[in-house]
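K.L.:
As input, take upload.cif (mmCIF, C-alpha atoms):
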data_protein
loop_
_atom_site.label_atom_id
_atom_site.label_comp_id
_atom_site.auth_asym_id
_atom_site.auth_seq_id
_atom_site.Cartn_x
_atom_site.Cartn_y
_atom_site.Cartn_z
CA MET A 1222 49.33 188.65 -136.81
CA ALA A 1223 51.06 186.45 -134.38
CA ARG A 1224 48.75 184.05 -132.73
CA VAL A 1225 49.12 183.54 -129.05
CA LYS A 1226 50.22 179.98 -128.65
CA PRO A 1227 49.42 178.27 -125.40
CA LYS A 1228 52.59 177.51 -123.57
CA ARG A 1229 53.45 173.91 -124.14
CA HIS A 1230 54.30 171.90 -121.09
CA SER A 1231 56.85 169.22 -121.36
CA PRO A 1232 55.22 165.78 -120.98
CA ASN A 1233 58.00 164.80 -118.61
CA MET A 1234 56.70 164.88 -115.11
CA ASP A 1235 58.93 164.93 -112.13
CA LEU A 1236 58.69 161.43 -110.76
CA THR A 1237 61.21 161.87 -107.99
CA ALA A 1238 58.61 162.49 -105.34
CA MET A 1239 56.60 159.48 -106.38
CA SER A 1240 59.64 157.29 -106.37
CA ASP A 1241 60.63 158.58 -102.94
CA MET A 1242 57.25 157.68 -101.59
CA ALA A 1243 57.26 154.23 -103.17
CA TRP A 1244 60.61 153.34 -101.64
CA LEU A 1245 59.61 154.78 -98.30
CA LEU A 1246 56.52 152.59 -98.21
CA LEU A 1247 58.58 149.64 -99.36
CA THR A 1248 61.04 150.13 -96.50
CA PHE A 1249 58.13 150.36 -94.10
CA PHE A 1250 56.60 147.10 -95.31
CA ILE A 1251 59.91 145.26 -95.25
CA LEU A 1252 60.64 146.37 -91.72
CA THR A 1253 57.20 145.72 -90.28
CA SER A 1254 56.60 142.32 -91.84
CA ASN A 1255 57.82 139.39 -89.85
CA PHE A 1256 59.07 136.57 -91.89
CA ARG A 1257 57.66 133.14 -91.58
CA GLU A 1258 59.92 130.85 -89.66
CA PRO A 1259 61.19 128.03 -91.79
CA GLU A 1260 59.48 124.71 -91.37
CA VAL A 1261 61.73 121.77 -91.00
CA VAL A 1262 59.15 119.06 -91.19
CA GLU A 1263 56.56 119.77 -93.81
CA VAL A 1264 52.98 119.65 -92.62
CA LEU A 1265 50.27 119.82 -95.27
CA THR A 1266 47.17 121.10 -93.56
CA PRO A 1267 43.69 120.22 -94.78
CA ALA A 1268 41.59 122.82 -96.57
CA SER A 1269 38.61 124.61 -95.10
CA VAL A 1270 36.30 127.48 -95.92
CA SER A 1271 37.30 129.32 -92.77
CA THR A 1272 38.58 132.80 -93.45
CA GLN A 1273 39.64 133.57 -89.95
CA LYS A 1274 43.34 134.37 -89.81
CA MET A 1275 45.66 133.14 -87.16
CA ALA A 1276 46.64 135.83 -84.65
CA ASP A 1277 50.16 137.19 -84.84
CA ASP A 1278 50.97 137.08 -81.18
CA ASP A 1279 50.39 134.74 -78.29
CA MET A 1280 50.13 131.62 -80.36
CA MET A 1281 51.76 128.30 -79.77
CA LYS A 1282 51.56 125.45 -82.17
CA VAL A 1283 51.46 121.71 -81.82
CA SER A 1284 52.06 120.01 -85.12
CA ILE A 1285 51.08 116.47 -85.92
CA THR A 1286 53.23 115.25 -88.77
CA LYS A 1287 52.12 112.68 -91.27
CA ASP A 1288 54.07 110.05 -89.34
CA GLY A 1289 52.05 110.92 -86.26
CA LYS A 1290 54.81 112.72 -84.40
CA TYR A 1291 54.20 115.73 -82.25
CA MET A 1292 56.27 118.89 -82.56
CA VAL A 1293 55.89 122.04 -80.52
CA SER A 1294 56.56 125.57 -81.61
CA LEU A 1295 56.47 128.35 -79.04
CA GLU A 1296 56.30 132.10 -79.14
CA GLU A 1297 59.85 133.44 -79.30
CA LYS A 1298 59.65 135.52 -76.14
CA ASP A 1299 58.22 132.63 -74.12
CA ARG A 1300 60.75 130.04 -75.21
CA VAL A 1301 63.45 130.44 -72.55
CA PRO A 1302 61.11 130.75 -69.52
CA THR A 1303 59.13 127.74 -70.74
CA LEU A 1304 62.31 125.74 -71.16
CA GLU A 1305 63.41 126.65 -67.63
CA LEU A 1306 60.05 125.64 -66.24
CA MET A 1307 60.15 122.31 -68.05
CA GLY A 1308 63.75 121.80 -66.94
CA GLU A 1309 62.71 122.21 -63.33
CA LYS A 1310 59.88 119.78 -63.74
CA TYR A 1311 61.97 117.09 -65.38
CA GLY A 1312 65.16 117.77 -63.45
CA VAL A 1313 67.20 118.80 -66.45
CA ARG A 1314 69.54 121.76 -66.21
CA PHE A 1315 70.23 123.72 -69.33
CA SER A 1316 73.35 125.79 -69.91
CA ASP A 1317 73.17 129.31 -71.29
CA SER A 1318 74.28 128.21 -74.73
CA GLU A 1319 71.55 125.57 -74.78
CA LYS A 1320 68.98 128.16 -73.81
CA LYS A 1321 70.22 130.39 -76.59
CA ALA A 1322 69.98 127.53 -79.05
CA PHE A 1323 66.45 126.82 -77.85
CA LYS A 1324 65.48 130.44 -78.36
CA GLU A 1325 66.56 130.19 -81.96
CA THR A 1326 64.72 126.96 -82.65
CA ALA A 1327 61.35 127.68 -84.19
CA GLU A 1328 60.06 124.15 -83.89
CA PHE A 1329 61.43 121.30 -81.89
CA GLY A 1330 60.57 117.69 -81.48
CA ALA A 1331 62.72 115.89 -78.96
CA PRO A 1332 61.91 114.23 -75.66
CA MET A 1333 63.09 115.97 -72.49
CA GLN A 1334 65.80 113.38 -71.89
CA GLY A 1335 67.33 114.01 -75.29
CA LEU A 1336 66.64 117.72 -75.47
CA ARG A 1337 70.10 118.84 -74.29
CA GLN A 1338 71.73 116.62 -76.83
CA PHE A 1339 69.36 117.98 -79.48
CA LEU A 1340 70.20 121.58 -78.58
CA ASN A 1341 73.93 120.90 -78.80
CA LEU A 1342 73.65 119.74 -82.39
CA THR A 1343 74.48 122.09 -85.21
CA SER A 1344 71.45 123.47 -87.01
CA SER A 1345 71.91 121.19 -90.01
CA ASP A 1346 72.19 118.13 -87.75
CA ARG A 1347 69.11 119.32 -85.91
CA GLU A 1348 67.18 119.38 -89.17
CA LYS A 1349 68.38 115.88 -89.93
CA TYR A 1350 67.26 114.74 -86.51
CA LEU A 1351 63.79 116.25 -86.92
CA LYS A 1352 63.37 114.45 -90.21
CA SER A 1353 64.51 111.14 -88.75
CA THR A 1354 62.23 108.58 -87.19
CA GLN A 1355 63.42 109.26 -83.64
CA ALA A 1356 62.10 112.80 -83.65
CA GLY A 1357 58.92 113.82 -81.90
CA ILE A 1358 57.80 114.72 -78.42
CA PRO A 1359 56.33 111.75 -76.64
CA LEU A 1360 52.65 111.55 -75.81
CA ASP A 1361 51.88 108.13 -74.52
CA THR A 1362 49.12 106.95 -72.26
CA ILE A 1363 50.30 103.37 -71.78
CA ASN A 1364 53.65 104.31 -70.27
CA PRO A 1365 52.41 107.65 -69.06
CA ASN A 1366 54.66 110.20 -70.68
CA LYS A 1367 52.72 113.28 -71.60
CA GLU A 1368 55.47 115.71 -72.43
CA VAL A 1369 53.43 117.45 -75.12
CA VAL A 1370 50.74 118.29 -72.58
CA ASP A 1371 53.39 119.44 -70.11
CA TRP A 1372 54.90 121.74 -72.71
CA VAL A 1373 51.50 123.23 -73.47
CA PHE A 1374 50.74 123.90 -69.84
CA ALA A 1375 54.25 125.18 -69.11
CA ALA A 1376 53.82 127.68 -71.94
CA LYS A 1377 50.43 128.62 -70.51
CA GLU A 1378 51.98 129.21 -67.13
CA VAL A 1379 54.59 131.51 -68.65
CA ASN A 1380 52.10 133.42 -70.75
CA GLU A 1381 48.49 133.02 -69.71
CA ASN A 1382 47.11 134.60 -72.87
CA VAL A 1383 48.66 132.08 -75.16
CA ASN A 1384 46.33 130.20 -77.51
CA LEU A 1385 46.92 126.77 -78.84
CA ALA A 1386 46.78 126.06 -82.52
CA ILE A 1387 46.88 122.50 -83.73
CA LYS A 1388 48.49 121.97 -87.07
CA GLY A 1389 47.75 118.51 -88.27
CA ASP A 1390 48.87 116.94 -91.49
CA GLN A 1391 46.17 115.67 -93.85
CA LYS A 1392 47.55 112.19 -93.47
CA ALA A 1393 47.64 112.25 -89.69
CA THR A 1394 45.12 109.80 -88.29
CA TYR A 1395 42.20 110.61 -86.07
CA PRO A 1396 43.51 108.62 -83.06
CA GLN A 1397 46.63 110.81 -82.96
CA PHE A 1398 44.49 113.92 -82.97
CA LYS A 1399 42.05 112.42 -80.47
CA LEU A 1400 44.86 111.51 -78.09
CA LEU A 1401 46.10 115.09 -78.03
CA LEU A 1402 42.59 116.51 -77.62
CA SER A 1403 41.56 114.13 -74.87
CA GLU A 1404 44.79 114.64 -72.93
CA LEU A 1405 44.36 118.40 -73.05
CA GLN A 1406 40.66 118.13 -72.26
CA SER A 1407 41.37 116.01 -69.23
CA LYS A 1408 43.31 119.00 -67.91
CA ASN A 1409 40.34 121.21 -68.69
CA MET A 1410 41.62 122.89 -71.79
CA ASN A 1411 38.76 122.93 -74.26
CA LYS A 1412 39.43 125.64 -76.79
CA PHE A 1413 41.54 124.89 -79.79
CA GLN A 1414 42.27 126.36 -83.14
CA LEU A 1415 42.92 124.11 -86.06
CA ILE A 1416 45.23 125.47 -88.71
CA THR A 1417 43.87 124.96 -92.20
CA THR A 1418 44.61 126.29 -95.64
CA ALA A 1419 42.13 128.28 -97.69
CA GLU A 1420 40.31 126.27 -100.29
CA MET B 965 65.67 168.31 -108.25
CA ALA B 966 66.79 165.84 -110.82
CA GLN B 967 65.62 167.84 -113.74
CA ILE B 968 67.38 170.98 -114.87
CA GLN B 969 66.23 172.60 -118.03
CA GLU B 970 68.98 172.63 -120.52
CA THR B 971 69.45 175.92 -122.30
CA SER B 972 71.26 175.47 -125.53
CA SER B 973 71.97 178.66 -127.35
CA ASN B 974 75.16 178.10 -129.13
CA ASP B 975 75.96 181.25 -130.96
CA GLY B 976 79.35 182.18 -129.62
CA GLY B 977 81.04 180.21 -132.33
CA LYS B 978 83.11 178.35 -129.74
CA VAL B 979 82.88 174.63 -129.87
CA ARG B 980 81.58 173.49 -126.57
CA SER B 981 81.38 169.95 -125.44
CA LYS B 982 77.81 168.91 -125.67
CA LYS B 983 76.14 169.11 -122.31
CA GLN B 984 74.41 165.94 -121.30
CA SER B 985 70.94 166.40 -119.99
CA THR B 986 70.71 165.80 -116.25
CA LYS B 987 67.21 164.40 -116.61
CA VAL B 988 66.93 160.81 -115.57
CA ASP B 989 63.90 158.82 -116.49
CA MET B 990 62.41 157.94 -113.14
CA ALA B 991 59.56 155.80 -114.45
CA PRO B 992 61.28 152.40 -114.18
CA LEU B 993 62.44 153.22 -110.67
CA VAL B 994 58.90 154.05 -109.61
CA ASP B 995 57.57 150.94 -111.35
CA LEU B 996 59.99 148.74 -109.50
CA GLY B 997 59.24 150.43 -106.20
CA PHE B 998 55.51 149.88 -106.50
CA LEU B 999 55.97 146.33 -107.71
CA LEU B 1000 57.99 145.50 -104.60
CA ILE B 1001 55.44 147.22 -102.37
CA THR B 1002 52.65 145.15 -103.86
CA PHE B 1003 54.68 142.01 -103.38
CA PHE B 1004 55.39 142.72 -99.74
CA MET B 1005 51.82 143.70 -98.98
CA PHE B 1006 50.49 140.45 -100.39
CA ALA B 1007 53.28 138.36 -98.96
CA THR B 1008 52.60 139.59 -95.44
CA THR B 1009 48.84 139.09 -95.49
CA PHE B 1010 48.91 135.73 -97.24
CA SER B 1011 51.56 134.13 -95.11
CA LYS B 1012 49.19 134.01 -92.16
CA PRO B 1013 47.50 130.64 -92.02
CA ASN B 1014 43.76 130.26 -91.63
CA VAL B 1015 42.38 128.84 -88.46
CA MET B 1016 39.18 127.10 -87.53
CA ASN B 1017 37.88 127.24 -83.99
CA LEU B 1018 37.08 124.03 -82.20
CA ASN B 1019 35.51 124.26 -78.79
CA MET B 1020 34.99 121.04 -76.94
CA PRO B 1021 32.68 120.65 -73.96
CA PRO B 1022 34.35 120.58 -70.56
CA LYS B 1023 34.69 117.23 -68.84
CA LEU B 1024 31.89 116.68 -66.36
CA ASP B 1025 31.16 114.02 -63.81
CA ASP B 1026 29.00 111.17 -65.05
CA LYS B 1027 26.49 112.01 -62.33
CA ILE B 1028 25.91 115.53 -63.59
CA ILE B 1029 25.66 114.27 -67.15
CA ASP B 1030 23.07 111.66 -66.17
CA GLN B 1031 20.92 114.25 -64.45
CA ASN B 1032 21.08 116.81 -67.19
CA THR B 1033 20.89 114.81 -70.36
CA PRO B 1034 17.99 116.25 -72.33
CA GLU B 1035 15.64 114.09 -74.33
CA VAL B 1036 16.43 114.51 -77.97
CA LYS B 1037 13.97 113.44 -80.62
CA ILE B 1038 15.40 111.19 -83.29
CA SER B 1039 14.50 113.51 -86.13
CA ASN B 1040 16.41 116.29 -84.45
CA LEU B 1041 19.57 114.27 -84.41
CA LEU B 1042 21.87 113.37 -87.27
CA ASN B 1043 24.71 110.97 -86.62
CA ILE B 1044 27.66 111.03 -88.96
CA ILE B 1045 30.18 108.23 -88.74
CA ILE B 1046 33.55 108.90 -90.34
CA GLY B 1047 35.07 105.71 -91.61
CA GLY B 1048 38.42 104.84 -93.11
CA ASP B 1049 39.34 105.18 -96.80
CA ASP B 1050 37.46 108.51 -97.01
CA LYS B 1051 34.11 106.85 -96.41
CA LEU B 1052 31.27 108.53 -94.65
CA TYR B 1053 28.08 107.07 -93.16
CA TRP B 1054 25.05 108.55 -91.54
CA TYR B 1055 21.92 107.43 -89.71
CA GLN B 1056 19.02 108.88 -87.81
CA ALA B 1057 17.92 106.37 -85.21
CA GLU B 1058 18.36 105.29 -81.64
CA LEU B 1059 21.75 103.88 -80.87
CA LYS B 1060 20.28 100.50 -79.89
CA ASP B 1061 18.57 100.12 -83.28
CA VAL B 1062 21.69 100.71 -85.34
CA ALA B 1063 22.10 98.03 -87.96
CA PRO B 1064 24.10 97.77 -91.17
CA GLU B 1065 20.89 98.30 -93.23
CA LEU B 1066 20.19 101.52 -91.40
CA LEU B 1067 23.59 102.98 -92.00
CA GLN B 1068 23.74 104.90 -95.25
CA GLU B 1069 26.85 105.63 -97.14
CA THR B 1070 27.62 109.04 -98.57
CA ASP B 1071 30.66 111.04 -99.61
CA TYR B 1072 32.36 114.36 -98.96
CA SER B 1073 31.04 116.12 -102.05
CA ALA B 1074 28.55 118.97 -102.02
CA GLU B 1075 25.86 116.58 -103.27
CA GLY B 1076 26.70 114.08 -100.56
CA ILE B 1077 26.98 114.98 -96.92
CA ARG B 1078 26.06 118.63 -97.39
CA LYS B 1079 22.69 117.75 -98.92
CA ILE B 1080 22.04 115.22 -96.19
CA ILE B 1081 22.72 117.74 -93.44
CA GLN B 1082 20.51 120.30 -95.14
CA THR B 1083 17.59 117.95 -95.73
CA ALA B 1084 17.85 116.55 -92.22
CA ALA B 1085 17.89 120.07 -90.83
CA ALA B 1086 14.81 120.98 -92.88
CA ARG B 1087 12.99 117.83 -91.76
CA ALA B 1088 13.83 118.25 -88.08
CA GLU B 1089 10.86 118.59 -85.75
CA ASP B 1090 12.34 121.46 -83.81
CA LYS B 1091 14.56 123.23 -86.24
CA ASP B 1092 16.39 125.21 -83.60
CA LYS B 1093 17.28 122.03 -81.73
CA PHE B 1094 18.70 120.18 -84.70
CA THR B 1095 22.03 118.68 -83.68
CA VAL B 1096 24.69 116.92 -85.66
CA VAL B 1097 26.83 114.36 -83.87
CA ILE B 1098 30.14 113.67 -85.53
CA LYS B 1099 31.56 110.29 -84.67
CA PRO B 1100 34.97 109.56 -86.11
CA THR B 1101 36.18 105.98 -85.95
CA ASP B 1102 39.83 105.14 -85.41
CA ASP B 1103 40.25 104.53 -89.14
CA ALA B 1104 39.43 108.14 -89.95
CA SER B 1105 42.15 110.57 -90.90
CA TYR B 1106 42.56 114.03 -89.49
CA LYS B 1107 41.63 115.47 -92.87
CA ASN B 1108 38.26 113.69 -92.80
CA VAL B 1109 37.48 115.20 -89.41
CA VAL B 1110 38.37 118.68 -90.57
CA ASP B 1111 36.31 118.19 -93.72
CA VAL B 1112 33.22 117.30 -91.72
CA LEU B 1113 33.79 120.17 -89.30
CA ASP B 1114 34.07 122.36 -92.34
CA GLU B 1115 30.68 121.14 -93.58
CA MET B 1116 29.22 122.34 -90.27
CA GLU B 1117 30.50 125.78 -91.12
CA ILE B 1118 29.18 125.61 -94.68
CA THR B 1119 25.71 124.41 -93.69
CA LYS B 1120 25.71 126.85 -90.76
CA SER B 1121 24.89 124.07 -88.32
CA THR B 1122 25.73 125.73 -85.06
CA LYS B 1123 24.71 122.80 -82.92
CA TYR B 1124 27.13 120.00 -83.37
CA GLY B 1125 29.31 117.81 -81.24
CA MET B 1126 32.16 115.46 -81.73
CA LYS B 1127 32.54 112.24 -79.84
CA ASP B 1128 34.14 108.89 -80.44
CA ALA B 1129 32.05 106.35 -82.22
CA ASP B 1130 30.30 103.95 -79.90
CA ALA B 1131 31.55 100.35 -79.84
CA LYS B 1132 28.28 99.24 -81.43
CA GLU B 1133 28.53 101.82 -84.16
CA VAL B 1134 32.08 100.78 -84.95
CA GLU B 1135 30.94 97.18 -85.22
CA VAL B 1136 28.08 98.09 -87.53
CA TYR B 1137 30.30 100.34 -89.59
CA LYS B 1138 32.83 97.54 -90.01
CA GLN B 1139 30.11 95.16 -91.20
CA LYS B 1140 28.87 97.76 -93.63
CA ALA B 1141 32.34 98.52 -94.94
CA GLY B 1142 32.90 94.78 -95.34
CA LYS B 1143 35.84 94.43 -93.01
#
Rewrite the structure of this file - the entire thing - as structure tokens.
P.N.:
Amino acid sequence: MARVKPKRHSPNMDLTAMSDMAWLLLTFFILTSNFREPEVVEVLTPASVSTQKMADDDMMKVSITKDGKYMVSLEEKDRVPTLELMGEKYGVRFSDSEKKAFKETAEFGAPMQGLRQFLNLTSSDREKYLKSTQAGIPLDTINPNKEVVDWVFAAKEVNENVNLAIKGDQKATYPQFKLLLSELQSKNMNKFQLITTAE
Amino acid sequence: MAQIQETSSNDGGKVRSKKQSTKVDMAPLVDLGFLLITFFMFATTFSKPNVMNLNMPPKLDDKIIDQNTPEVKISNLLNIIIGGDDKLYWYQAELKDVAPELLQETDYSAEGIRKIIQTAAARAEDKDKFTVVIKPTDDASYKNVVDVLDEMEITKSTKYGMKDADAKEVEVYKQKAGK
């Protein structure tokens, strides 16, 4: 007598649907992630136990490099209006191409007087400049030149929700940090976020 | 669909070219897809830096400060002086009594400053009023300051303040450090 054999299924499963879904998700993640802007001057932040993540939007950054120079990095959408505001204040007029160059600069460190020259450099020359000893935005109390503070408040004027994150290098000294804090505090800005790395 | 069942019943006697199966093994494709997804998911969440909040008190007139300064008992107060070369000192006394013998040296390890903060907090007369005052000197590095602020988080000391070291404290610290 013929025994009824159970119908054997092929072990090959149709993976097309799974693959479709995987690539769809992949496309989604690629498109939604925003890439980190390249850092020209490396800043090694100190470690902390804090697990709070930096917000995605409305953040501006003041970096203190290990040589004690200040660099500012603004939110992309605020860059041009902030530049215009600072230009008015310091009596510097920027051309459209300079504004465009500024919009594309993630982090800059040049005094107002040399900013136009800085923006007219090619991007590789700009990197060279930022790594050189002349780079940095001045913050000086002896010959009062508080451009860093002016940048921060100009950015605040453009976008009132913006938060300030301070990104200091491990080797930066306390007086450099104190100078920035006390200058901002004297203008009644008392809330800061310090960027750290996870331990 | 990528898979079409091949029916091979070759009994006509004619020689047919062998039909290639249209099945493609999708497994590597799926593997790669998921691998890339995992990479992007991690890459996006880990690229965000961590932040630590630092709220400083607003600047007030000296007059208002003079009127409102509360009396703080010595045992409720722990002063930490951050020196250069990764050195750390602490004392619990009135500012006018500070002397090199009173200043005690410690370090940034878990057995060092963390223990001191914890024991001082446990010994404090009013435990809810226990305050840590962080006083960095000009020799301190930014990393030292962040490390001490981090200890505040670890020991859950909610009451703490940061101010510059007093001229007298700097003098005493320099004597202690042998400068």
K.L.:
Please provide the set of residues having any atom within 7 Å of Ala1376 of chain A, restricted to only C-alpha atoms, with same-chain residues fewer than 4 positions apart removed, written as a PyMOL selection string.
P.N.:
chain A and resi 1299+1303+1372+1380
K.L.:
Selected by the PyMOL selection byres ((chain A and resi 1239) around 12) in the shown coordinates: which residues, as a list in words?
P.N.:
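In the shown coordinates, the PyMOL selection byres ((chain A and resi 1239) around 12) covers Met1234, Asp1235, Leu1236, Thr1237, Ala1238, Ser1240, Asp1241, Met1242, Ala1243, Trp1244, Leu1245 and Leu1246 of chain A; Met990, Ala991, Pro992, Leu993, Val994, Asp995, Leu996, Gly997 and Phe998 of chain B.
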K.L.:
With the PyMOL selection byres ((chain B) within 9 of (chain A)) as the selection, what would be picked from this file? Answer as a ChimeraX atom specification, please.
P.N.:
/B:965-967,989-991,993-998,1000-1002,1004-1005,1007-1008,1011-1023,1100-1111,1113-1115,1117-1118,1128
K.L.:
Out of A:Asp1371, A:Asp1361, A:Glu1378, A:Glu1328, which residue has the shortest atom-to-atom distance to Leu1400 of chain A when counting all atoms listed in the file?
P.N.:
A:Asp1361
K.L.:
Do you have the atom CA of Asp1050 of chain B-atom CA of Val1293 of chain A distance handy?
P.N.:
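Atom CA of Val1293 of chain A lies 28.2 Å from atom CA of Asp1050 of chain B.
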